[in-house]
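J.: This is the structure I want to talk about, given as structure tokens.
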Amino acid sequence: MSTTQSLTITETYQPTNQDELVETVRSCCDSNTPMYPLGGQTSLHYGMASKVEGVGLSTAELNKVIDFPARDMTVTVEAGITMSKLAETLAAERLRLPVDVPQSDVATLGGVVATDFNGPRRYGAGTVRDYVIGISAIDGTGTPFKGGGRVVKNVAGYDFCKLLTGSLGTLGVISQLTLKLNPIPSSFRILSCQPNSLDNAETLLADLVRSTVTPSAVELVTGSHWSTLLSGDADDLHLLVALEGTELETDWMAQQLSQQWRESGIRFIQDLTGDEAKSAWSELVEFPASESPLVVKASVRPSGVTKFIEAVQNTKCSCNIQAHAGNGVVIVSFDEFPAVGLSRMLLGAVQPAALALQGSLVVLSNPSGGEMTHQAAWGGNDIPFELMTSIKQQFDPNNLFNPGRYVYV
């Protein structure tokens, strides 16, 4: 997720408050000027590149904490706050938003919600959409709207929180968010082992589902990037399981899991704690932002993760792979741009493998600007483009927000 500019922006507006943002959007609507909402600009290559000239709407100055009733375990903030600043604010009260994203010192909360980006902890803690309980935004006609609120059990009206999560800024620009929070656990460790094959890895993953151990993350990785961090060769598989809770809970889970692995024939087990665990976790979180000519994300059924990894390896393209194996999300970072062409490689090999596993494929990063069809960028067997286009017309009838990047009007 490079910060290289991939949008055709002539100038960027940077409102300093909510009213200025509304006025800026209305002015662009009056002049029929396309608009590109900008947060930390870490996901500008996500999906399709823009081909329409327009203006940027930066939320960089909209970064204030509006309300933080810590005892209620909720917080209301402006969308431009960075993830690191948000984490720092919450940590002062021993609270957290359990969503991990790369480049947290740059990535903004609004951008994370707009792209629905979720890290390794999604297995145990859920996704960002589970934590958004209130949202404010401005639609394509310059009209402010909001949904939800500070009450966690808030079901009145339309669920704009979930609708806008993952909309990629095509329905409106998010201005403010209310989140529910979790306490920060007192103990964190990572247990790591090396499955000797994809079949062996599948067995270990299936055993985890039936286990009494409750991981916060289950990661299966392979490639030269990981062999540098974890002992082994580039072709080795590494299974990493993150454990959180009280010290007594993580000790018990580590003992149980180590015993399960030894009974399965695993001999080399690493128990990472303290700085070692933090370092390994940082690598897992930052991997999607690693420098690469092409990064794609597949979402398949969890039981199909190893099959998809095998399909990617069969392309003979040099790459590094990280799978949120418990959720069926696989991120592939290619070391070089495919010689056969991006769309041909994706549509001919990788995307069919995802579709066969009832999944879909999304291009996260294509900084080279190489050719890419809409089908290659947003590939899936059940993506309701007609429904999304209809919703887009309701919120942005003139197609001014992020035109062409996600859905067509």
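FYI, nothing fancy with the structure tokens labels: chains A, B, ... in order, residues from 1 per chain, ligands from 1 as they appear.
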Counting only C-alpha atoms, which residues in range 166-219 of chain A sit no more than 10 Å from range 312-336 of chain A? For each one, give the nearest pair of atoms and the distance in Å, sorted by chain then residue number, as CSV.
T.:
residue,atom,partner,partner_atom,distance
A:Glu202,CA,A:Ala325,CA,9.5
A:Leu205,CA,A:Gly326,CA,7.6
A:Ala206,CA,A:Gly326,CA,9.4
A:Leu208,CA,A:Gly326,CA,8.9
A:Val209,CA,A:Gly326,CA,8.4
A:Pro215,CA,A:Gly326,CA,9.5
A:Ser216,CA,A:Gly326,CA,9.8
A:Ala217,CA,A:His324,CA,7.4
A:Val218,CA,A:Gly326,CA,5.6
A:Glu219,CA,A:His324,CA,4.9
J.: With C-alpha atoms kept, could you save the residues just selected as an mmCIF file, in the first residue's frame?
T.:
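Heads up, here's the output in out.cif:
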data_model
loop_
_atom_site.group_PDB
_atom_site.id
_atom_site.type_symbol
_atom_site.label_atom_id
_atom_site.label_comp_id
_atom_site.auth_asym_id
_atom_site.auth_seq_id
_atom_site.Cartn_x
_atom_site.Cartn_y
_atom_site.Cartn_z
ATOM 1 C CA GLU A 202 -4.192 -28.192 7.118
ATOM 2 C CA LEU A 205 -5.401 -25.793 11.423
ATOM 3 C CA ALA A 206 -8.297 -28.259 11.650
ATOM 4 C CA LEU A 208 -7.085 -25.719 16.220
ATOM 5 C CA VAL A 209 -10.782 -25.424 15.380
ATOM 6 C CA PRO A 215 -6.224 -17.777 19.764
ATOM 7 C CA SER A 216 -6.460 -14.110 18.905
ATOM 8 C CA ALA A 217 -4.698 -14.758 15.575
ATOM 9 C CA VAL A 218 -3.816 -17.783 13.432
ATOM 10 C CA GLU A 219 -1.244 -16.994 10.739
#
J.: Pull the alpha helix (DSSP H) assignments for range 146-243 of chain A out of DSSP run on the backbone, and list those residues as a list in words.
T.: Phe160, Cys161, Lys162, Leu163, Leu164, Leu198, Asp199, Asn200, Ala201, Glu202, Thr203, Leu204, Leu205, Ala206, Asp207, Leu208, Val209, Arg210, Ser224, His225, Trp226, Ser227, Thr228 and Leu229 of chain A
J.: Write a file of the selected residues as a short mmCIF file (atom, residue, chain, number, x, y, z; two decimals), in the first residue's frame, keeping N, CA and C atoms.
T.:
data_model
loop_
_atom_site.label_atom_id
_atom_site.label_comp_id
_atom_site.auth_asym_id
_atom_site.auth_seq_id
_atom_site.Cartn_x
_atom_site.Cartn_y
_atom_site.Cartn_z
N PHE A 160 -26.09 2.57 8.63
CA PHE A 160 -25.09 3.26 7.83
C PHE A 160 -23.68 2.84 8.23
N CYS A 161 -23.49 2.42 9.47
CA CYS A 161 -22.15 2.02 9.93
C CYS A 161 -21.61 0.88 9.07
N LYS A 162 -22.41 -0.14 8.88
CA LYS A 162 -21.96 -1.28 8.08
C LYS A 162 -21.98 -0.97 6.59
N LEU A 163 -22.91 -0.13 6.15
CA LEU A 163 -22.98 0.22 4.73
C LEU A 163 -21.73 0.97 4.27
N LEU A 164 -21.27 1.91 5.08
CA LEU A 164 -20.12 2.72 4.70
C LEU A 164 -18.79 1.99 4.92
N LEU A 198 1.87 -28.59 3.24
CA LEU A 198 0.57 -27.93 3.28
C LEU A 198 -0.50 -28.87 3.87
N ASP A 199 -0.37 -30.17 3.59
CA ASP A 199 -1.31 -31.13 4.16
C ASP A 199 -1.18 -31.16 5.68
N ASN A 200 0.08 -31.13 6.15
CA ASN A 200 0.32 -31.12 7.59
C ASN A 200 -0.23 -29.83 8.21
N ALA A 201 -0.03 -28.71 7.50
CA ALA A 201 -0.56 -27.43 7.99
C ALA A 201 -2.08 -27.48 8.08
N GLU A 202 -2.73 -28.08 7.10
CA GLU A 202 -4.19 -28.19 7.12
C GLU A 202 -4.67 -29.01 8.32
N THR A 203 -3.94 -30.05 8.65
CA THR A 203 -4.29 -30.87 9.81
C THR A 203 -4.17 -30.06 11.10
N LEU A 204 -3.09 -29.29 11.22
CA LEU A 204 -2.89 -28.47 12.42
C LEU A 204 -3.97 -27.40 12.54
N LEU A 205 -4.36 -26.82 11.40
CA LEU A 205 -5.40 -25.79 11.42
C LEU A 205 -6.75 -26.40 11.81
N ALA A 206 -7.04 -27.58 11.30
CA ALA A 206 -8.30 -28.26 11.65
C ALA A 206 -8.31 -28.61 13.13
N ASP A 207 -7.15 -29.02 13.67
CA ASP A 207 -7.06 -29.35 15.09
C ASP A 207 -7.32 -28.12 15.95
N LEU A 208 -6.87 -26.96 15.47
CA LEU A 208 -7.08 -25.72 16.22
C LEU A 208 -8.57 -25.39 16.37
N VAL A 209 -9.34 -25.69 15.34
CA VAL A 209 -10.78 -25.42 15.38
C VAL A 209 -11.45 -26.23 16.48
N ARG A 210 -10.96 -27.45 16.68
CA ARG A 210 -11.55 -28.34 17.70
C ARG A 210 -10.91 -28.17 19.07
N SER A 224 10.59 -16.01 1.31
CA SER A 224 11.90 -15.53 1.77
C SER A 224 11.77 -14.45 2.82
N HIS A 225 10.71 -13.63 2.73
CA HIS A 225 10.50 -12.58 3.74
C HIS A 225 10.41 -13.17 5.13
N TRP A 226 9.72 -14.29 5.24
CA TRP A 226 9.49 -14.91 6.54
C TRP A 226 10.67 -15.74 7.00
N SER A 227 11.45 -16.29 6.05
CA SER A 227 12.61 -17.08 6.45
C SER A 227 13.67 -16.21 7.11
N THR A 228 13.65 -14.91 6.78
CA THR A 228 14.58 -13.97 7.42
C THR A 228 14.18 -13.74 8.87
N LEU A 229 12.89 -13.65 9.11
CA LEU A 229 12.38 -13.40 10.45
C LEU A 229 12.38 -14.65 11.30
#
J.: I'd like the neighbourhood of Arg96 in chain A as a list in words, where a residue qualifies if any of its atoms comes within 10 Å (using only C-alpha atoms), though same-chain residues fewer than 5 positions away should be ignored.
T.: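 Here the answer would be Met73, Thr74, Leu86, Ala87, Glu88, Thr89, Leu90, Ala91, Lys180, Leu181, Asn182, Pro183, Ile184 and Pro185 of chain A.
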J.: Considering only C-alpha atoms, return as a list in words whatever protein or nucleic-acid residues lie within 12 Å of Gly232 in chain A, sequence-local ones (same chain, fewer than 5 positions apart) excluded.
T.: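 Once the nearby chain positions are removed, what remains is Cys193, Gln194, Pro195, Asn196, Val221, Thr222, Gly223, Ser224, His225, Trp226, Ser227, Leu237, His238 and Phe268 of chain A.
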J.: Identify all residues of range 85-275 of chain A in strand (DSSP E) (DSSP on the backbone) and supply them as a PyMOL selection string.
T.: chain A and resi 95-96+132-139+144-148+172-180+182-183+187-193+217-222+237-245+269-273
J.: Could you list, as a PyMOL selection string, every residue within 7 Å of range 279-293 of chain A, counting only C-alpha atoms and ignoring same-chain residues fewer than 6 positions away?
T.: chain A and resi 1-2+100-103+119-120+333-337+366-368
J.: How many Å separate CA of Phe145 in chain A from CA of Gly111 in chain A?
T.: 18.1 Å
J.: Give me the range 287-405 of chain A side of the contact with range 170-179 of chain A, cut-off 12 Å, one line per residue showing its nearest atom pair and distance in Å at one decimal, counting only C-alpha atoms, sorted by chain and residue number, as a Markdown table.
T.:
| residue | atom | partner | partner_atom | distance |
| --- | --- | --- | --- | --- |
| A:Met388 | CA | A:Leu171 | CA | 9.9 |
| A:Thr389 | CA | A:Thr170 | CA | 10.1 |
| A:Ser390 | CA | A:Leu171 | CA | 11.0 |
| A:Ile391 | CA | A:Leu171 | CA | 8.1 |
| A:Lys392 | CA | A:Leu171 | CA | 5.9 |
| A:Gln393 | CA | A:Leu171 | CA | 8.6 |
| A:Gln394 | CA | A:Leu171 | CA | 8.6 |
| A:Phe395 | CA | A:Leu171 | CA | 5.5 |
| A:Asp396 | CA | A:Leu171 | CA | 5.9 |
| A:Pro397 | CA | A:Leu171 | CA | 9.5 |
| A:Asn398 | CA | A:Leu171 | CA | 11.0 |
| A:Asn399 | CA | A:Thr170 | CA | 8.1 |
| A:Leu400 | CA | A:Thr170 | CA | 8.2 |
| A:Phe401 | CA | A:Thr170 | CA | 5.0 |
| A:Asn402 | CA | A:Thr170 | CA | 5.3 |
| A:Pro403 | CA | A:Thr170 | CA | 7.3 |
| A:Gly404 | CA | A:Thr170 | CA | 9.0 |
| A:Arg405 | CA | A:Thr170 | CA | 8.1 |
J.: Hey, what's within 7 Å of range 255-267 of chain A if we count only C-alpha atoms and toss same-chain stuff fewer than 3 positions away? As number ranges by chain, please?
T.: A: 213, 251-252
J.: Write out, as a PDB file, in the first residue's frame, the residues just selected, with C-alpha atoms.
T.:
ATOM      1  CA  VAL A 213      -7.342 -22.991  22.979  1.00  0.00           C
ATOM      2  CA  ASP A 251       0.385 -19.970  30.058  1.00  0.00           C
ATOM      3  CA  TRP A 252      -2.346 -22.609  30.024  1.00  0.00           C
TER       4      TRP A 252
END
J.: Please compute the CA of Lys278 in chain A-CA of Ala92 in chain A distance, one decimal, in Å.
T.: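 Those two atoms sit 19.2 Å apart.
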